[in-house]
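**Student:** The structure file input-v3.csv (CSV, C-alpha atoms) is provided below.
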chain,number,residue,atom,x,y,z
A,1,MET,CA,3.5,-40.2,-34.7
A,2,VAL,CA,7.0,-39.4,-35.8
A,3,ASP,CA,7.4,-35.8,-36.7
A,4,ILE,CA,7.9,-34.9,-40.4
A,5,THR,CA,8.9,-31.5,-41.6
A,6,ALA,CA,7.2,-29.7,-44.5
A,7,ALA,CA,10.2,-30.3,-46.8
A,8,GLU,CA,10.3,-34.0,-45.8
A,9,LEU,CA,6.5,-34.4,-46.4
A,10,LEU,CA,6.9,-32.8,-49.9
A,11,ALA,CA,9.6,-35.3,-50.8
A,12,ALA,CA,7.7,-38.2,-49.3
A,13,GLU,CA,4.6,-37.3,-51.3
A,14,LYS,CA,6.6,-37.2,-54.6
A,15,ILE,CA,8.3,-40.5,-53.9
A,16,PHE,CA,5.5,-42.5,-52.3
A,17,GLY,CA,2.5,-40.9,-54.0
A,18,ASP,CA,-0.8,-42.6,-53.0
A,19,ARG,CA,1.2,-45.1,-50.8
A,20,LEU,CA,2.4,-42.4,-48.4
A,21,ASP,CA,0.2,-43.8,-45.6
A,22,LEU,CA,2.0,-47.1,-45.9
A,23,ALA,CA,5.3,-45.3,-45.6
A,24,LYS,CA,4.1,-43.5,-42.5
A,25,ARG,CA,3.1,-46.8,-40.9
A,26,TYR,CA,6.5,-48.2,-41.7
A,27,VAL,CA,8.2,-45.3,-40.0
A,28,GLU,CA,6.0,-45.9,-37.0
A,29,HIS,CA,7.1,-49.5,-36.9
A,30,LEU,CA,10.8,-48.3,-37.0
A,31,ALA,CA,10.2,-45.8,-34.2
A,32,THR,CA,8.4,-48.3,-31.9
A,33,SER,CA,9.1,-52.0,-32.3
A,34,GLY,CA,12.1,-51.4,-34.5
A,35,THR,CA,13.8,-49.4,-31.8
A,36,GLU,CA,12.6,-51.7,-29.0
A,37,ARG,CA,14.2,-54.7,-30.7
A,38,GLY,CA,17.5,-52.9,-31.6
A,39,LEU,CA,17.1,-52.5,-35.3
A,40,ILE,CA,17.2,-48.7,-35.1
A,41,GLY,CA,19.0,-46.6,-32.4
A,42,PRO,CA,16.7,-44.4,-30.3
A,43,ARG,CA,18.7,-41.3,-31.3
A,44,GLU,CA,17.7,-42.0,-34.9
A,45,ILE,CA,13.9,-41.5,-34.3
A,46,PRO,CA,13.9,-37.7,-35.0
A,47,ARG,CA,15.7,-38.3,-38.3
A,48,LEU,CA,14.0,-41.4,-39.5
A,49,TRP,CA,12.4,-39.7,-42.5
A,50,SER,CA,15.4,-37.7,-43.7
A,51,ARG,CA,18.4,-39.9,-42.9
A,52,HIS,CA,16.8,-43.3,-43.4
A,53,VAL,CA,13.5,-43.6,-45.2
A,54,LEU,CA,13.8,-40.9,-47.8
A,55,ASN,CA,17.5,-41.4,-48.1
A,56,CYS,CA,16.8,-45.0,-49.2
A,57,ALA,CA,13.5,-44.6,-51.1
A,58,VAL,CA,14.8,-42.0,-53.5
A,59,ILE,CA,17.0,-44.6,-55.2
A,60,GLU,CA,13.8,-46.0,-56.7
A,61,SER,CA,14.5,-43.6,-59.6
A,62,GLN,CA,17.6,-45.8,-60.5
A,63,ILE,CA,15.6,-49.0,-60.9
A,64,ALA,CA,13.8,-50.1,-64.0
A,65,HIS,CA,10.1,-50.9,-64.1
A,66,GLY,CA,9.2,-54.5,-63.1
A,67,SER,CA,12.7,-55.4,-61.8
A,68,HIS,CA,13.4,-58.2,-59.4
A,69,VAL,CA,15.4,-56.5,-56.6
A,70,ALA,CA,17.5,-58.4,-54.0
A,71,ASP,CA,18.3,-56.3,-50.9
A,72,VAL,CA,21.4,-57.6,-49.2
A,73,GLY,CA,21.6,-57.3,-45.4
A,74,SER,CA,18.1,-55.8,-45.3
A,75,GLY,CA,18.1,-55.3,-41.5
A,76,ALA,CA,15.3,-52.8,-40.8
A,77,GLY,CA,14.2,-52.9,-44.4
A,78,LEU,CA,16.5,-50.1,-45.5
A,79,PRO,CA,16.3,-49.8,-48.5
A,80,GLY,CA,14.3,-53.0,-49.3
A,81,LEU,CA,11.0,-52.1,-47.6
A,82,CYS,CA,11.2,-48.4,-48.7
A,83,LEU,CA,11.5,-49.6,-52.3
A,84,ALA,CA,8.6,-52.1,-51.9
A,85,ILE,CA,6.4,-49.4,-50.6
A,86,ALA,CA,7.4,-46.8,-53.2
A,87,ARG,CA,7.3,-49.2,-56.2
A,88,PRO,CA,4.6,-51.8,-56.1
A,89,ASP,CA,5.8,-52.9,-59.6
A,90,LEU,CA,9.1,-54.2,-58.2
A,91,GLU,CA,9.6,-57.7,-56.8
A,92,LEU,CA,11.7,-57.5,-53.6
A,93,THR,CA,13.7,-60.3,-52.0
A,94,LEU,CA,15.1,-59.2,-48.6
A,95,ILE,CA,18.2,-61.2,-47.6
A,96,GLU,CA,18.9,-61.1,-43.9
A,97,PRO,CA,20.7,-63.7,-41.8
A,98,LEU,CA,19.6,-62.6,-38.3
A,99,GLU,CA,16.5,-64.3,-37.0
A,100,ARG,CA,15.2,-61.4,-34.9
A,101,ARG,CA,15.4,-59.1,-37.8
A,102,VAL,CA,13.7,-61.5,-40.2
A,103,ILE,CA,10.8,-61.9,-37.7
A,104,TRP,CA,10.4,-58.1,-37.4
A,105,LEU,CA,10.6,-57.7,-41.2
A,106,GLN,CA,7.9,-60.3,-41.7
A,107,GLU,CA,5.7,-58.7,-39.1
A,108,VAL,CA,6.0,-55.3,-40.9
A,109,VAL,CA,5.4,-56.9,-44.3
A,110,ASP,CA,2.2,-58.6,-43.0
A,111,ASP,CA,0.9,-55.5,-41.3
A,112,LEU,CA,1.4,-53.3,-44.4
A,113,GLY,CA,0.0,-56.0,-46.7
A,114,LEU,CA,3.0,-55.9,-49.0
A,115,THR,CA,2.5,-58.6,-51.6
A,116,ASN,CA,5.7,-57.9,-53.5
A,117,VAL,CA,8.1,-58.9,-50.8
A,118,THR,CA,9.8,-62.2,-50.0
A,119,ILE,CA,12.1,-62.5,-47.0
A,120,MET,CA,15.0,-65.0,-47.0
A,121,ARG,CA,16.8,-65.8,-43.8
A,122,THR,CA,20.3,-66.5,-45.1
A,123,ARG,CA,23.6,-64.9,-45.9
A,124,ALA,CA,24.1,-63.3,-49.3
A,125,GLU,CA,26.8,-65.7,-50.4
A,126,LEU,CA,24.5,-68.7,-49.6
A,127,ALA,CA,21.7,-67.1,-51.6
A,128,VAL,CA,23.6,-67.4,-54.9
A,129,GLY,CA,21.7,-69.7,-57.2
A,130,MET,CA,18.5,-69.2,-55.1
A,131,VAL,CA,17.9,-65.7,-56.3
A,132,ASP,CA,18.1,-64.4,-59.9
A,133,ALA,CA,17.9,-60.6,-59.5
A,134,ASP,CA,18.0,-57.8,-62.0
A,135,VAL,CA,19.2,-55.4,-59.4
A,136,VAL,CA,20.9,-55.8,-56.0
A,137,THR,CA,20.7,-53.1,-53.4
A,138,ALA,CA,22.6,-52.6,-50.2
A,139,ARG,CA,23.1,-50.0,-47.5
A,140,ALA,CA,25.6,-49.9,-44.6
A,141,VAL,CA,26.6,-53.5,-45.2
A,142,SER,CA,30.3,-53.5,-46.0
A,143,ALA,CA,33.1,-51.7,-47.8
A,144,LEU,CA,32.7,-52.0,-51.6
A,145,SER,CA,35.7,-54.3,-52.0
A,146,ASN,CA,33.9,-56.9,-49.9
A,147,LEU,CA,30.3,-55.9,-50.9
A,148,ALA,CA,31.0,-56.6,-54.6
A,149,GLY,CA,31.5,-60.2,-53.8
A,150,LEU,CA,28.3,-60.3,-51.8
A,151,THR,CA,26.1,-58.6,-54.4
A,152,ILE,CA,27.3,-59.2,-57.9
A,153,PRO,CA,27.0,-63.0,-57.8
A,154,LEU,CA,23.3,-62.6,-57.1
A,155,LEU,CA,22.8,-61.1,-60.6
A,156,ALA,CA,23.6,-64.4,-62.3
A,157,GLY,CA,25.9,-62.7,-64.8
A,158,LYS,CA,23.9,-59.7,-65.8
A,159,GLY,CA,22.3,-56.7,-64.0
A,160,GLU,CA,23.1,-53.8,-61.8
A,161,VAL,CA,24.2,-53.2,-58.2
A,162,VAL,CA,22.8,-50.1,-56.6
A,163,ALA,CA,24.6,-49.5,-53.3
A,164,ILE,CA,23.9,-46.6,-51.0
A,165,LYS,CA,27.3,-45.1,-49.9
A,166,GLY,CA,28.8,-42.1,-48.3
A,167,ARG,CA,31.3,-39.4,-49.3
A,168,SER,CA,34.1,-42.0,-49.6
A,169,ALA,CA,32.3,-43.7,-52.5
A,170,GLY,CA,35.0,-42.7,-55.0
A,171,GLU,CA,37.8,-44.0,-52.9
A,172,GLU,CA,35.9,-47.3,-52.3
A,173,ILE,CA,35.5,-47.7,-56.1
A,174,GLU,CA,39.3,-47.3,-56.6
A,175,LYS,CA,40.1,-50.0,-54.0
A,176,ALA,CA,37.4,-52.4,-55.3
A,177,ALA,CA,38.1,-51.9,-59.0
A,178,LYS,CA,40.0,-55.2,-59.6
A,179,VAL,CA,37.5,-57.2,-57.7
A,180,ILE,CA,34.6,-55.6,-59.5
A,181,ARG,CA,36.2,-56.3,-62.9
A,182,LYS,CA,36.9,-59.9,-62.0
A,183,LEU,CA,33.3,-60.5,-61.0
A,184,GLY,CA,32.0,-59.1,-64.3
A,185,GLY,CA,31.5,-55.4,-63.6
A,186,VAL,CA,31.9,-53.5,-66.8
A,187,GLN,CA,31.0,-50.0,-65.6
A,188,THR,CA,31.1,-48.4,-62.1
A,189,SER,CA,30.0,-44.9,-61.3
A,190,VAL,CA,29.0,-42.6,-58.4
A,191,VAL,CA,25.5,-41.1,-58.8
A,192,THR,CA,24.0,-38.4,-56.7
A,193,VAL,CA,20.2,-39.0,-56.3
A,194,GLY,CA,17.4,-36.8,-55.0
A,195,GLU,CA,19.2,-33.4,-55.4
A,196,SER,CA,15.8,-31.7,-56.1
A,197,LEU,CA,14.0,-33.5,-53.2
A,198,LEU,CA,16.3,-33.9,-50.3
A,199,GLU,CA,18.4,-31.5,-48.2
A,200,GLU,CA,21.2,-34.1,-48.3
A,201,PRO,CA,21.0,-36.1,-51.5
A,202,THR,CA,21.8,-39.8,-51.6
A,203,THR,CA,25.2,-41.0,-52.9
A,204,VAL,CA,24.9,-44.3,-54.9
A,205,VAL,CA,27.5,-46.5,-56.4
A,206,ARG,CA,26.1,-48.2,-59.5
A,207,ILE,CA,27.9,-51.3,-61.0
A,208,VAL,CA,26.7,-52.5,-64.3
A,209,VAL,CA,27.5,-56.2,-64.6
A,210,ASN,CA,27.7,-58.2,-67.8
A,211,LYS,CA,29.8,-61.3,-67.7
A,212,SER,CA,29.4,-62.0,-71.4
A,213,ARG,CA,31.3,-58.9,-72.3
A,214,LYS,CA,35.1,-59.1,-72.4
A,215,ILE,CA,36.9,-56.4,-70.5
A,216,ALA,CA,40.1,-55.1,-71.8
Please, can you express the file's structure as structure tokens?
**Tutor:**
Amino acid sequence: MVDITAAELLAAEKIFGDRLDLAKRYVEHLATSGTERGLIGPREIPRLWSRHVLNCAVIESQIAHGSHVADVGSGAGLPGLCLAIARPDLELTLIEPLERRVIWLQEVVDDLGLTNVTIMRTRAELAVGMVDADVVTARAVSALSNLAGLTIPLLAGKGEVVAIKGRSAGEEIEKAAKVIRKLGGVQTSVVTVGESLLEEPTTVVRIVVNKSRKIA
């Protein structure tokens, strides 16, 4: 079992509710086969809950009920599988190009019995037209100036990008502003999520996309 502190357990209970046992099983997968197959570094095991799972799962508060969420570069399921566990009302499409990661993701989905997850082995730019998402998520994929082009087209003209970012989020927005506007982004903001739950809250860049609106 991966150790979980009292504070982490409290946060996990609030986020996952009666699906906490599923979250614990997912963390065990990360700590064992996920580490063995190179999806997670061995040094990350002691902080799987705080730095990875809770850091990702807390963004569920930013996603509307019943949304179809596409997770770009899903890797070890961060944040895609965290959201699928926390929010059974969401439909998740995990987009991941590497075969070994896709195989691992499918094994975990099958073991946890997650019926709201579809896994696509492809690159994000090739999934355009195959996915019609309401929300696109990403974590540790690319700088925002590049990430905008990988995520916004998956919204088919309208929706939101919810990208987990670090302290440089504001700078990334400045550099990516022109690209975001060109792709249909009408509002971009930095949101801090989980301040009342996590020792280190999660920084999110939200991009509202609406290609039908003219931007001055």
**Student:** What's the separation between atom CA of A:Lys14 and atom CA of A:Arg167, in Å to one decimal place?
**Tutor:**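 These two atoms are separated by 25.4 Å.
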**Student:** Taking only C-alpha atoms into account, which of A:Gln187, A:Asn146, A:Ser196, A:Thr115 comes nearest A:Glu172?
**Tutor:**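 Distance minimum relative to A:Glu172 lands on A:Asn146.
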**Student:** My list of candidates is A:Asn116, A:Thr5, A:Ser33, A:Gln62. Which is closest to A:Arg47 when distances are computed with only C-alpha atoms?
**Tutor:**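 Among the listed residues, A:Thr5 lies closest to A:Arg47.
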**Student:** Work out how far atom CA of A:Met130 is from atom CA of A:Leu155, in Å to one decimal.
**Tutor:**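 That distance, rounded to one decimal, is 10.7 Å.
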**Student:** Which one of A:Glu174, A:Gly159, A:Ser168, A:Arg139 sits closest to A:Val186 if you count all atoms listed in the file?
**Tutor:**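 When distances to A:Val186 are compared using all atoms listed in the file, the smallest one comes from A:Gly159.
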**Student:** Would you mind telling me which residue in A:Leu48, A:Ala163, A:Ile173, A:Ala64 lies nearest to A:Thr202 when using all atoms listed in the file?
**Tutor:** A:Ala163
**Student:** Please, what distance in Å, to one decimal, runs between atom CA of A:Leu154 and atom CA of A:Arg101?
**Tutor:** 21.1 Å
**Student:** Quick one: of A:Arg100, A:Arg121, A:His29, A:Lys24, who's nearest to A:Asp71, counting all atoms listed in the file?
**Tutor:**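 With all atoms listed in the file as the atom set, the closest residue is A:Arg121.
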**Student:** My list of candidates is A:Pro46, A:Pro201, A:Gly41, A:Pro79. Which is closest to A:Asp3 when distances are computed with only C-alpha atoms?
**Tutor:**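 Ranked by minimum distance to A:Asp3, first place goes to A:Pro46.
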**Student:** Using all atoms listed in the file, collect all residues at a distance of at most 9 Å from (17.9, -63.7, -60.3) as written in the file, then present them as a ChimeraX atom specification.
**Tutor:** /A:68-70,128-135,154-156
**Student:** Could you write out the selected residues, including C-alpha atoms, as a PDB file, keeping the file's coordinate frame?
**Tutor:**
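Contents of the output file part_26.pdb:
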ATOM      1  CA  HIS A  68      13.400 -58.200 -59.400  1.00  0.00           C
ATOM      2  CA  VAL A  69      15.400 -56.500 -56.600  1.00  0.00           C
ATOM      3  CA  ALA A  70      17.500 -58.400 -54.000  1.00  0.00           C
ATOM      4  CA  VAL A 128      23.600 -67.400 -54.900  1.00  0.00           C
ATOM      5  CA  GLY A 129      21.700 -69.700 -57.200  1.00  0.00           C
ATOM      6  CA  MET A 130      18.500 -69.200 -55.100  1.00  0.00           C
ATOM      7  CA  VAL A 131      17.900 -65.700 -56.300  1.00  0.00           C
ATOM      8  CA  ASP A 132      18.100 -64.400 -59.900  1.00  0.00           C
ATOM      9  CA  ALA A 133      17.900 -60.600 -59.500  1.00  0.00           C
ATOM     10  CA  ASP A 134      18.000 -57.800 -62.000  1.00  0.00           C
ATOM     11  CA  VAL A 135      19.200 -55.400 -59.400  1.00  0.00           C
ATOM     12  CA  LEU A 154      23.300 -62.600 -57.100  1.00  0.00           C
ATOM     13  CA  LEU A 155      22.800 -61.100 -60.600  1.00  0.00           C
ATOM     14  CA  ALA A 156      23.600 -64.400 -62.300  1.00  0.00           C
TER      15      ALA A 156
END
**Student:** Tell me, as a PyMOL selection string, which residues lie within 8 Å of A:Gly166, counting only C-alpha atoms; anything in the same chain fewer than 3 positions away does not count.
**Tutor:** chain A and resi 169+203-204
**Student:** If we count all atoms listed in the file and set the cut-off at 7 Å, which residues sit around A:Ser189, ignoring sequence neighbours fewer than 2 positions away in its own chain? Please answer as an MDAnalysis selection string.
**Tutor:** chainID A and resid 187 191 205:207
**Student:** List every protein, DNA or RNA residue that has at least one atom no more than 9 Å from (19.6, -62.1, -39.8) in the file's coordinates, counting all atoms listed in the file, and write the result as a ChimeraX atom specification.
**Tutor:** /A:73-75,95-102,121-123
